[in-house]
file coords_6.txt (compact mmCIF, C-alpha atoms)
# COMPACT_ATOMS: atom_id res chain seq x y z
CA MET A 1 136.82 84.49 94.58
CA ASN A 2 134.92 85.39 91.42
CA LEU A 3 131.83 87.46 92.07
CA LEU A 4 128.90 87.29 89.69
CA THR A 5 128.12 90.48 87.81
CA ILE A 6 124.37 90.82 88.11
CA ARG A 7 122.37 92.67 85.47
CA TYR A 8 119.06 94.22 86.43
CA ALA A 9 116.30 94.10 83.85
CA PHE A 10 112.80 95.59 83.78
CA ILE A 11 110.13 94.50 81.32
CA ASP A 12 106.90 96.14 80.19
CA GLU A 13 104.57 95.99 77.21
CA SER A 14 102.79 98.27 74.77
CA GLY A 15 99.88 97.44 72.50
CA THR A 16 97.23 94.74 72.77
CA ALA A 17 98.21 91.10 72.42
CA GLY A 18 96.15 88.64 70.50
CA THR A 19 92.79 90.32 70.02
CA GLU A 20 91.40 90.61 66.52
CA LYS A 21 90.29 94.19 67.16
CA GLY A 22 93.54 95.09 68.89
CA THR A 23 96.74 96.66 67.65
CA ASN A 24 98.72 95.54 64.61
CA TYR A 25 101.85 95.24 66.73
CA PHE A 26 102.48 94.08 70.27
CA VAL A 27 105.72 95.18 71.94
CA ILE A 28 107.63 93.74 74.87
CA ALA A 29 110.53 95.97 75.90
CA LEU A 30 113.39 95.28 78.30
CA VAL A 31 115.54 97.92 79.96
CA GLU A 32 118.84 96.64 81.33
CA THR A 33 121.29 98.27 83.73
CA LYS A 34 124.01 97.51 86.26
CA GLN A 35 122.34 99.78 88.80
CA PRO A 36 118.54 100.15 89.12
CA ARG A 37 118.92 103.69 90.43
CA ASN A 38 119.90 104.70 86.89
CA LEU A 39 116.26 104.14 85.95
CA GLU A 40 114.58 105.23 89.14
CA LEU A 41 116.02 108.75 89.21
CA PRO A 42 114.72 109.95 85.79
CA ILE A 43 111.23 108.77 86.73
CA ARG A 44 111.28 110.49 90.11
CA ARG A 45 112.47 113.71 88.47
CA ALA A 46 109.69 113.44 85.88
CA LEU A 47 107.08 112.90 88.58
CA ARG A 48 108.22 116.05 90.34
CA LYS A 49 108.43 118.09 87.14
CA PHE A 50 105.26 117.04 85.36
CA GLY A 51 103.15 116.33 88.42
CA GLN A 52 101.35 113.42 86.76
CA GLY A 53 100.43 110.49 88.94
CA LEU A 54 102.07 111.92 92.03
CA ASP A 55 99.45 110.44 94.33
CA ALA A 56 99.88 106.97 92.86
CA GLY A 57 103.58 107.48 92.24
CA GLU A 58 103.22 106.51 88.59
CA ILE A 59 103.85 108.30 85.33
CA LYS A 60 102.55 107.11 81.94
CA THR A 61 104.46 108.34 78.92
CA SER A 62 101.41 107.95 76.69
CA ARG A 63 99.58 110.59 78.75
CA LEU A 64 102.33 113.19 78.58
CA LYS A 65 102.62 115.92 75.99
CA GLU A 66 104.91 114.98 73.13
CA SER A 67 107.62 117.37 74.25
CA ALA A 68 107.53 115.95 77.77
CA SER A 69 107.68 112.37 76.45
CA LEU A 70 110.72 113.22 74.36
CA ARG A 71 112.47 114.78 77.35
CA LEU A 72 111.72 111.81 79.57
CA LEU A 73 113.03 109.35 76.98
CA ALA A 74 116.17 111.45 76.55
CA GLU A 75 116.76 111.46 80.32
CA ILE A 76 116.40 107.68 80.50
CA ALA A 77 118.67 107.15 77.48
CA LYS A 78 121.40 109.31 79.06
CA GLN A 79 121.84 106.77 81.84
CA ASP A 80 124.07 103.68 81.83
CA VAL A 81 121.35 101.50 80.30
CA SER A 82 120.53 99.45 77.22
CA PHE A 83 117.22 98.62 75.55
CA SER A 84 115.81 95.54 73.87
CA ALA A 85 112.46 94.79 72.26
CA VAL A 86 110.52 91.91 70.78
CA ILE A 87 107.81 93.07 68.42
CA ILE A 88 105.01 90.71 67.44
CA ASP A 89 103.64 91.50 63.98
CA GLN A 90 100.03 90.56 64.58
CA LYS A 91 98.95 91.33 61.04
CA THR A 92 100.48 87.99 60.07
CA SER A 93 100.44 86.03 63.34
CA ILE A 94 96.92 86.75 64.55
CA SER A 95 95.36 84.31 62.09
CA VAL A 96 97.64 81.58 63.45
CA VAL A 97 97.79 82.42 67.15
CA LYS A 98 94.77 84.24 68.57
CA ASP A 99 95.36 83.53 72.25
CA SER A 100 96.70 86.69 73.91
CA GLU A 101 98.44 84.76 76.68
CA THR A 102 100.35 82.59 74.21
CA ILE A 103 101.56 85.68 72.37
CA TYR A 104 102.50 87.43 75.62
CA LYS A 105 104.45 84.46 77.00
CA LEU A 106 106.24 83.96 73.69
CA ALA A 107 107.43 87.57 73.59
CA VAL A 108 108.46 87.74 77.26
CA ALA A 109 110.36 84.45 77.11
CA ARG A 110 112.13 85.50 73.91
CA ILE A 111 113.36 88.80 75.27
CA ILE A 112 114.59 87.17 78.48
CA TYR A 113 116.32 84.47 76.45
CA GLN A 114 118.41 87.04 74.60
CA LEU A 115 119.30 88.72 77.92
CA ILE A 116 120.50 85.47 79.50
CA GLU A 117 122.46 84.60 76.37
CA GLN A 118 124.58 87.66 77.14
CA HIS A 119 124.56 87.66 80.95
CA LYS A 120 124.69 84.58 83.15
CA ALA A 121 123.26 86.33 86.20
CA ALA A 122 120.23 88.60 86.12
CA GLU A 123 117.51 89.92 88.35
CA ILE A 124 114.42 90.45 86.21
CA CYS A 125 111.34 92.43 87.15
CA ILE A 126 108.25 92.10 84.96
CA ASP A 127 105.30 94.45 85.14
CA ARG A 128 102.59 92.42 86.87
CA ARG A 129 100.03 91.30 84.30
CA TYR A 130 98.25 88.77 86.50
CA THR A 131 96.65 89.08 89.90
CA ASN A 132 96.18 85.31 90.04
CA ASP A 133 99.07 83.48 91.71
CA ASN A 134 98.71 80.45 89.46
CA LEU A 135 98.95 82.56 86.29
CA ARG A 136 102.07 84.24 87.61
CA TYR A 137 103.54 80.82 88.35
CA GLU A 138 102.70 79.59 84.84
CA LEU A 139 104.45 82.58 83.28
CA GLU A 140 107.62 82.01 85.28
CA LYS A 141 107.54 78.27 84.53
CA HIS A 142 107.27 79.04 80.82
CA ILE A 143 110.22 81.44 80.99
CA ARG A 144 112.41 78.96 82.87
CA THR A 145 111.56 76.19 80.44
CA GLU A 146 112.63 78.38 77.53
CA ILE A 147 116.01 79.33 79.06
CA GLN A 148 116.90 75.95 80.56
CA ASN A 149 119.36 75.14 77.78
CA LEU A 150 121.40 78.29 78.45
CA ASP A 151 124.53 78.30 80.59
CA HIS A 152 123.25 80.62 83.30
CA LYS A 153 124.27 80.93 86.93
CA MET A 154 121.42 82.84 88.52
CA VAL A 155 118.13 84.18 87.20
CA LEU A 156 115.73 85.79 89.64
CA ILE A 157 112.26 86.69 88.35
CA ARG A 158 109.78 89.00 90.05
CA GLN A 159 106.40 90.28 88.90
CA GLU A 160 105.54 93.63 90.47
CA ASN A 161 103.25 96.63 90.07
CA SER A 162 104.69 99.56 88.16
CA PHE A 163 103.42 102.15 90.64
CA VAL A 164 105.71 100.52 93.22
CA LYS A 165 108.74 99.93 90.99
CA LYS A 166 109.70 103.18 89.32
CA GLU A 167 112.09 101.29 87.03
CA LEU A 168 109.10 99.60 85.41
CA GLN A 169 107.76 103.02 84.48
CA ALA A 170 110.99 103.59 82.56
CA ALA A 171 110.42 100.28 80.76
CA ASP A 172 106.89 101.44 79.96
CA ALA A 173 108.31 104.57 78.33
CA ILE A 174 110.72 102.53 76.21
CA ALA A 175 108.01 100.07 75.15
CA TRP A 176 105.83 103.02 74.17
CA ALA A 177 108.63 104.50 72.03
CA PHE A 178 109.02 101.21 70.14
CA PHE A 179 105.25 101.00 69.73
CA GLN A 180 105.08 104.46 68.17
CA LYS A 181 107.66 103.40 65.60
CA TYR A 182 105.84 100.24 64.52
CA GLU A 183 102.16 100.92 65.10
CA ARG A 184 102.08 104.63 64.22
CA GLY A 185 105.05 104.90 61.89
CA ASP A 186 106.36 107.71 64.13
CA LYS A 187 110.11 107.30 64.76
CA ARG A 188 110.71 110.53 66.66
CA PHE A 189 110.53 108.85 70.06
CA TYR A 190 112.46 105.78 68.96
CA ASP A 191 115.24 107.92 67.50
CA VAL A 192 115.88 109.38 70.96
CA ILE A 193 116.60 105.94 72.42
CA ALA A 194 118.08 104.29 69.30
CA PRO A 195 121.75 104.63 70.34
CA LYS A 196 121.06 102.42 73.37
CA VAL A 197 119.09 99.72 71.52
CA VAL A 198 121.07 96.46 71.56
CA PHE A 199 118.40 93.98 70.42
CA GLU A 200 115.31 94.47 68.29
CA GLU A 201 113.46 91.52 66.79
CA ILE A 202 110.23 91.35 64.83
CA ILE A 203 108.35 88.04 65.04
CA LYS A 204 105.88 87.30 62.28
call {"tool": "encode", "arguments": {"input": "coords_6.txt", "output": "structure tokens"}}
result
Amino acid sequence: MNLLTIRYAFIDESGTAGTEKGTNYFVIALVETKQPRNLELPIRRALRKFGQGLDAGEIKTSRLKESASLRLLAEIAKQDVSFSAVIIDQKTSISVVKDSETIYKLAVARIIYQLIEQHKAAEICIDRRYTNDNLRYELEKHIRTEIQNLDHKMVLIRQENSFVKKELQAADAIAWAFFQKYERGDKRFYDVIAPKVVFEEIIK
């Protein structure tokens, strides 16, 4: 009997999608692993070490000192993981597409598409953007419509809060590193994770 090899993926964002006064770039990052614990452990260690967000159980890389952010990214990158990102160049696209939800759905669906191209079975956890059940349903429907032409066996999609799922906090850190590269022109954080980057696409 052939057993499916399931990949676990966690998705988070960095930047502001769609607003004229927002960021020049909007990043959706995906962290992929065979074992979610590979992502959970570095976050738990960081929570104990840096003490940030212990009550809520959440750590935000953007609020750490630079040295601490670099160490956290290095710890995540040491694990059996890979990173992907879709970067929306809003300097060119904002005049065409101003709706933040359209931009968000486009980026999320694109990054999941490339994952399912490579792996037929995946369990995907997206940082919960919507509190409204109907909006969450519309996001999942959009994703499934986009991947319906792919030869996939099983794709499970969940939308959860990052303070509950520590793996999403790792995805937040990776998205932030990509964002620093594009929005700030600061590659120091990206360079730490670069060896594990398997997909990086800029959409204009």
call {"tool": "closest_residue", "arguments": {"input": "coords_6.txt", "among": "A:Ile87, A:Ala46, A:Ala77, A:Ile6", "to": "Leu64 (chain A)", "atoms": "only C-alpha atoms"}}
result
A:Ala46
call {"tool": "closest_atom_pairs", "arguments": {"input": "coords_6.txt", "of": "region 47-119 of chain A", "to": "region 132-146 of chain A", "cutoff": "9 Å", "atoms": "all atoms listed in the file", "output": "tab-separated table"}}
result
residue	atom	partner	partner_atom	distance
A:Lys105	CA	A:Leu139	CA	6.6
A:Leu106	CA	A:Ile143	CA	8.7
A:Val108	CA	A:Ile143	CA	7.5
A:Ala109	CA	A:Ile143	CA	4.9
A:Arg110	CA	A:Glu146	CA	8.0
A:Ile112	CA	A:Ile143	CA	7.6
A:Tyr113	CA	A:Glu146	CA	7.2
call {"tool": "atom_distance", "arguments": {"input": "coords_6.txt", "atom1": "CA of Glu167 (chain A)", "atom2": "CA of Pro36 (chain A)"}}
result
6.9 Å
call {"tool": "atom_distance", "arguments": {"input": "coords_6.txt", "atom1": "CA of Asn38 (chain A)", "atom2": "CA of Asp80 (chain A)"}}
result
6.6 Å
call {"tool": "closest_residue", "arguments": {"input": "coords_6.txt", "among": "A:His152, A:Phe179, A:Leu30, A:Leu72", "to": "Lys49 (chain A)", "atoms": "only C-alpha atoms"}}
result
A:Leu72
call {"tool": "residues_around", "arguments": {"input": "coords_6.txt", "residues": "Val197 (chain A)", "least_positions_apart": "4", "cutoff": "6 Å", "atoms": "only C-alpha atoms", "output": "VMD selection string"}}
result
chain A and resid 82 to 84
call {"tool": "closest_residue", "arguments": {"input": "coords_6.txt", "among": "A:Val198, A:Leu168, A:Leu115, A:Leu39", "to": "Arg128 (chain A)", "atoms": "only C-alpha atoms"}}
result
A:Leu168
call {"tool": "atom_distance", "arguments": {"input": "coords_6.txt", "atom1": "CA of Ile147 (chain A)", "atom2": "CA of Ile111 (chain A)"}}
result
10.5 Å
call {"tool": "residues_around", "arguments": {"input": "coords_6.txt", "residues": "region 10-15 of chain A", "least_positions_apart": "6", "cutoff": "6 Å", "atoms": "only C-alpha atoms", "output": "VMD selection string"}}
result
chain A and resid 23 26 to 31 124 to 127 168 171 to 172 175 to 176
call {"tool": "write_last_selection", "arguments": {"input": "coords_6.txt", "atoms": "C-alpha atoms", "output": "compact mmCIF listing (two decimals), keeping the file's coordinate frame"}}
result
# COMPACT_ATOMS: atom_id res chain seq x y z
CA THR A 23 96.74 96.66 67.65
CA PHE A 26 102.48 94.08 70.27
CA VAL A 27 105.72 95.18 71.94
CA ILE A 28 107.63 93.74 74.87
CA ALA A 29 110.53 95.97 75.90
CA LEU A 30 113.39 95.28 78.30
CA VAL A 31 115.54 97.92 79.96
CA ILE A 124 114.42 90.45 86.21
CA CYS A 125 111.34 92.43 87.15
CA ILE A 126 108.25 92.10 84.96
CA ASP A 127 105.30 94.45 85.14
CA LEU A 168 109.10 99.60 85.41
CA ALA A 171 110.42 100.28 80.76
CA ASP A 172 106.89 101.44 79.96
CA ALA A 175 108.01 100.07 75.15
CA TRP A 176 105.83 103.02 74.17
call {"tool": "residues_near_point", "arguments": {"input": "coords_6.txt", "point": "(119.3, 107.7, 72.3)", "cutoff": "12 Å", "atoms": "all atoms listed in the file", "output": "list in words"}}
result
Leu70, Arg71, Leu72, Leu73, Ala74, Glu75, Ile76, Ala77, Lys78, Gln79, Asp80, Val81, Ser82, Phe83, Ile174, Ala177, Lys187, Arg188, Phe189, Tyr190, Asp191, Val192, Ile193, Ala194, Pro195, Lys196, Val197 and Val198 of chain A
call {"tool": "closest_residue", "arguments": {"input": "coords_6.txt", "among": "A:Ile203, A:Leu150, A:Leu41, A:Ala9", "to": "Lys166 (chain A)", "atoms": "all atoms listed in the file"}}
result
A:Leu41
call {"tool": "closest_residue", "arguments": {"input": "coords_6.txt", "among": "A:Ala68, A:Ala170, A:Leu4, A:Ile103", "to": "Pro42 (chain A)", "atoms": "only C-alpha atoms"}}
result
A:Ala170
call {"tool": "closest_residue", "arguments": {"input": "coords_6.txt", "among": "A:Tyr182, A:Tyr8, A:Phe163, A:Phe50", "to": "Ser69 (chain A)", "atoms": "all atoms listed in the file"}}
result
A:Phe50
call {"tool": "axis_aligned_box", "arguments": {"input": "coords_6.txt", "around": "region 124-139 of chain A", "padding_each_side": "4 Å", "output": "JSON"}}
result
{"center_x": 105.3, "center_y": 87.0, "center_z": 87.5, "size_x": 26.2, "size_y": 22.9, "size_z": 16.4}
call {"tool": "build_atoms", "arguments": {"input": "coords_6.txt", "residues": "region 82-93 of chain A", "atoms": "all heavy atoms", "output": "PDB file, in the frame of the given file"}}
result
ATOM      1  N   SER A  82     120.710  99.917  78.594  1.00  0.00           N
ATOM      2  CA  SER A  82     120.530  99.450  77.220  1.00  0.00           C
ATOM      3  C   SER A  82     119.100  98.954  77.065  1.00  0.00           C
ATOM      4  O   SER A  82     118.452  98.582  78.049  1.00  0.00           O
ATOM      5  CB  SER A  82     121.530  98.344  76.865  1.00  0.00           C
ATOM      6  OG  SER A  82     121.352  97.222  77.705  1.00  0.00           O
ATOM      7  N   PHE A  83     118.625  98.952  75.824  1.00  0.00           N
ATOM      8  CA  PHE A  83     117.220  98.620  75.550  1.00  0.00           C
ATOM      9  C   PHE A  83     117.119  97.468  74.560  1.00  0.00           C
ATOM     10  O   PHE A  83     117.913  97.362  73.619  1.00  0.00           O
ATOM     11  CB  PHE A  83     116.495  99.836  74.953  1.00  0.00           C
ATOM     12  CG  PHE A  83     116.679 101.101  75.744  1.00  0.00           C
ATOM     13  CD1 PHE A  83     117.051 102.280  75.109  1.00  0.00           C
ATOM     14  CD2 PHE A  83     116.498 101.125  77.117  1.00  0.00           C
ATOM     15  CE1 PHE A  83     117.224 103.453  75.817  1.00  0.00           C
ATOM     16  CE2 PHE A  83     116.670 102.288  77.849  1.00  0.00           C
ATOM     17  CZ  PHE A  83     117.028 103.456  77.194  1.00  0.00           C
ATOM     18  N   SER A  84     116.116  96.637  74.786  1.00  0.00           N
ATOM     19  CA  SER A  84     115.810  95.540  73.870  1.00  0.00           C
ATOM     20  C   SER A  84     114.301  95.504  73.643  1.00  0.00           C
ATOM     21  O   SER A  84     113.533  95.966  74.487  1.00  0.00           O
ATOM     22  CB  SER A  84     116.274  94.192  74.441  1.00  0.00           C
ATOM     23  OG  SER A  84     117.650  94.206  74.742  1.00  0.00           O
ATOM     24  N   ALA A  85     113.899  94.916  72.523  1.00  0.00           N
ATOM     25  CA  ALA A  85     112.460  94.790  72.260  1.00  0.00           C
ATOM     26  C   ALA A  85     112.186  93.593  71.372  1.00  0.00           C
ATOM     27  O   ALA A  85     112.962  93.282  70.464  1.00  0.00           O
ATOM     28  CB  ALA A  85     111.906  96.052  71.625  1.00  0.00           C
ATOM     29  N   VAL A  86     111.085  92.919  71.669  1.00  0.00           N
ATOM     30  CA  VAL A  86     110.520  91.910  70.780  1.00  0.00           C
ATOM     31  C   VAL A  86     109.184  92.457  70.315  1.00  0.00           C
ATOM     32  O   VAL A  86     108.337  92.839  71.131  1.00  0.00           O
ATOM     33  CB  VAL A  86     110.334  90.561  71.495  1.00  0.00           C
ATOM     34  CG1 VAL A  86     109.478  89.614  70.665  1.00  0.00           C
ATOM     35  CG2 VAL A  86     111.694  89.930  71.777  1.00  0.00           C
ATOM     36  N   ILE A  87     109.015  92.502  69.013  1.00  0.00           N
ATOM     37  CA  ILE A  87     107.810  93.070  68.420  1.00  0.00           C
ATOM     38  C   ILE A  87     107.057  91.963  67.680  1.00  0.00           C
ATOM     39  O   ILE A  87     107.603  91.339  66.761  1.00  0.00           O
ATOM     40  CB  ILE A  87     108.164  94.214  67.434  1.00  0.00           C
ATOM     41  CG1 ILE A  87     108.959  95.304  68.155  1.00  0.00           C
ATOM     42  CG2 ILE A  87     106.903  94.799  66.809  1.00  0.00           C
ATOM     43  CD1 ILE A  87     110.468  95.212  67.942  1.00  0.00           C
ATOM     44  N   ILE A  88     105.839  91.710  68.104  1.00  0.00           N
ATOM     45  CA  ILE A  88     105.010  90.710  67.440  1.00  0.00           C
ATOM     46  C   ILE A  88     104.188  91.399  66.352  1.00  0.00           C
ATOM     47  O   ILE A  88     103.405  92.301  66.632  1.00  0.00           O
ATOM     48  CB  ILE A  88     104.058  90.019  68.431  1.00  0.00           C
ATOM     49  CG1 ILE A  88     104.826  89.438  69.614  1.00  0.00           C
ATOM     50  CG2 ILE A  88     103.249  88.939  67.715  1.00  0.00           C
ATOM     51  CD1 ILE A  88     105.735  88.298  69.273  1.00  0.00           C
ATOM     52  N   ASP A  89     104.411  90.975  65.104  1.00  0.00           N
ATOM     53  CA  ASP A  89     103.640  91.500  63.980  1.00  0.00           C
ATOM     54  C   ASP A  89     102.333  90.710  63.910  1.00  0.00           C
ATOM     55  O   ASP A  89     102.289  89.602  63.381  1.00  0.00           O
ATOM     56  CB  ASP A  89     104.440  91.349  62.684  1.00  0.00           C
ATOM     57  CG  ASP A  89     103.702  91.906  61.478  1.00  0.00           C
ATOM     58  OD1 ASP A  89     102.520  92.288  61.617  1.00  0.00           O
ATOM     59  OD2 ASP A  89     104.301  91.943  60.386  1.00  0.00           O
ATOM     60  N   GLN A  90     101.290  91.278  64.471  1.00  0.00           N
ATOM     61  CA  GLN A  90     100.030  90.560  64.580  1.00  0.00           C
ATOM     62  C   GLN A  90      99.205  90.579  63.291  1.00  0.00           C
ATOM     63  O   GLN A  90      98.209  89.875  63.193  1.00  0.00           O
ATOM     64  CB  GLN A  90      99.209  91.098  65.753  1.00  0.00           C
ATOM     65  CG  GLN A  90      99.935  90.932  67.075  1.00  0.00           C
ATOM     66  CD  GLN A  90      99.073  91.234  68.276  1.00  0.00           C
ATOM     67  OE1 GLN A  90      98.943  90.412  69.157  1.00  0.00           O
ATOM     68  NE2 GLN A  90      98.494  92.435  68.342  1.00  0.00           N
ATOM     69  N   LYS A  91      99.636  91.348  62.336  1.00  0.00           N
ATOM     70  CA  LYS A  91      98.950  91.330  61.040  1.00  0.00           C
ATOM     71  C   LYS A  91      99.097  89.964  60.395  1.00  0.00           C
ATOM     72  O   LYS A  91      98.217  89.497  59.690  1.00  0.00           O
ATOM     73  CB  LYS A  91      99.520  92.412  60.120  1.00  0.00           C
ATOM     74  CG  LYS A  91      99.383  93.830  60.634  1.00  0.00           C
ATOM     75  CD  LYS A  91      99.716  94.840  59.565  1.00  0.00           C
ATOM     76  CE  LYS A  91     101.099  94.651  58.983  1.00  0.00           C
ATOM     77  NZ  LYS A  91     102.167  94.827  59.981  1.00  0.00           N
ATOM     78  N   THR A  92     100.244  89.313  60.650  1.00  0.00           N
ATOM     79  CA  THR A  92     100.480  87.990  60.070  1.00  0.00           C
ATOM     80  C   THR A  92     100.218  86.878  61.072  1.00  0.00           C
ATOM     81  O   THR A  92      99.748  85.811  60.714  1.00  0.00           O
ATOM     82  CB  THR A  92     101.933  87.877  59.582  1.00  0.00           C
ATOM     83  OG1 THR A  92     102.824  88.164  60.683  1.00  0.00           O
ATOM     84  CG2 THR A  92     102.198  88.859  58.465  1.00  0.00           C
ATOM     85  N   SER A  93     100.507  87.114  62.359  1.00  0.00           N
ATOM     86  CA  SER A  93     100.440  86.030  63.340  1.00  0.00           C
ATOM     87  C   SER A  93      99.053  85.824  63.921  1.00  0.00           C
ATOM     88  O   SER A  93      98.744  84.748  64.426  1.00  0.00           O
ATOM     89  CB  SER A  93     101.419  86.306  64.490  1.00  0.00           C
ATOM     90  OG  SER A  93     101.028  87.458  65.216  1.00  0.00           O
TER      91      SER A  93
END
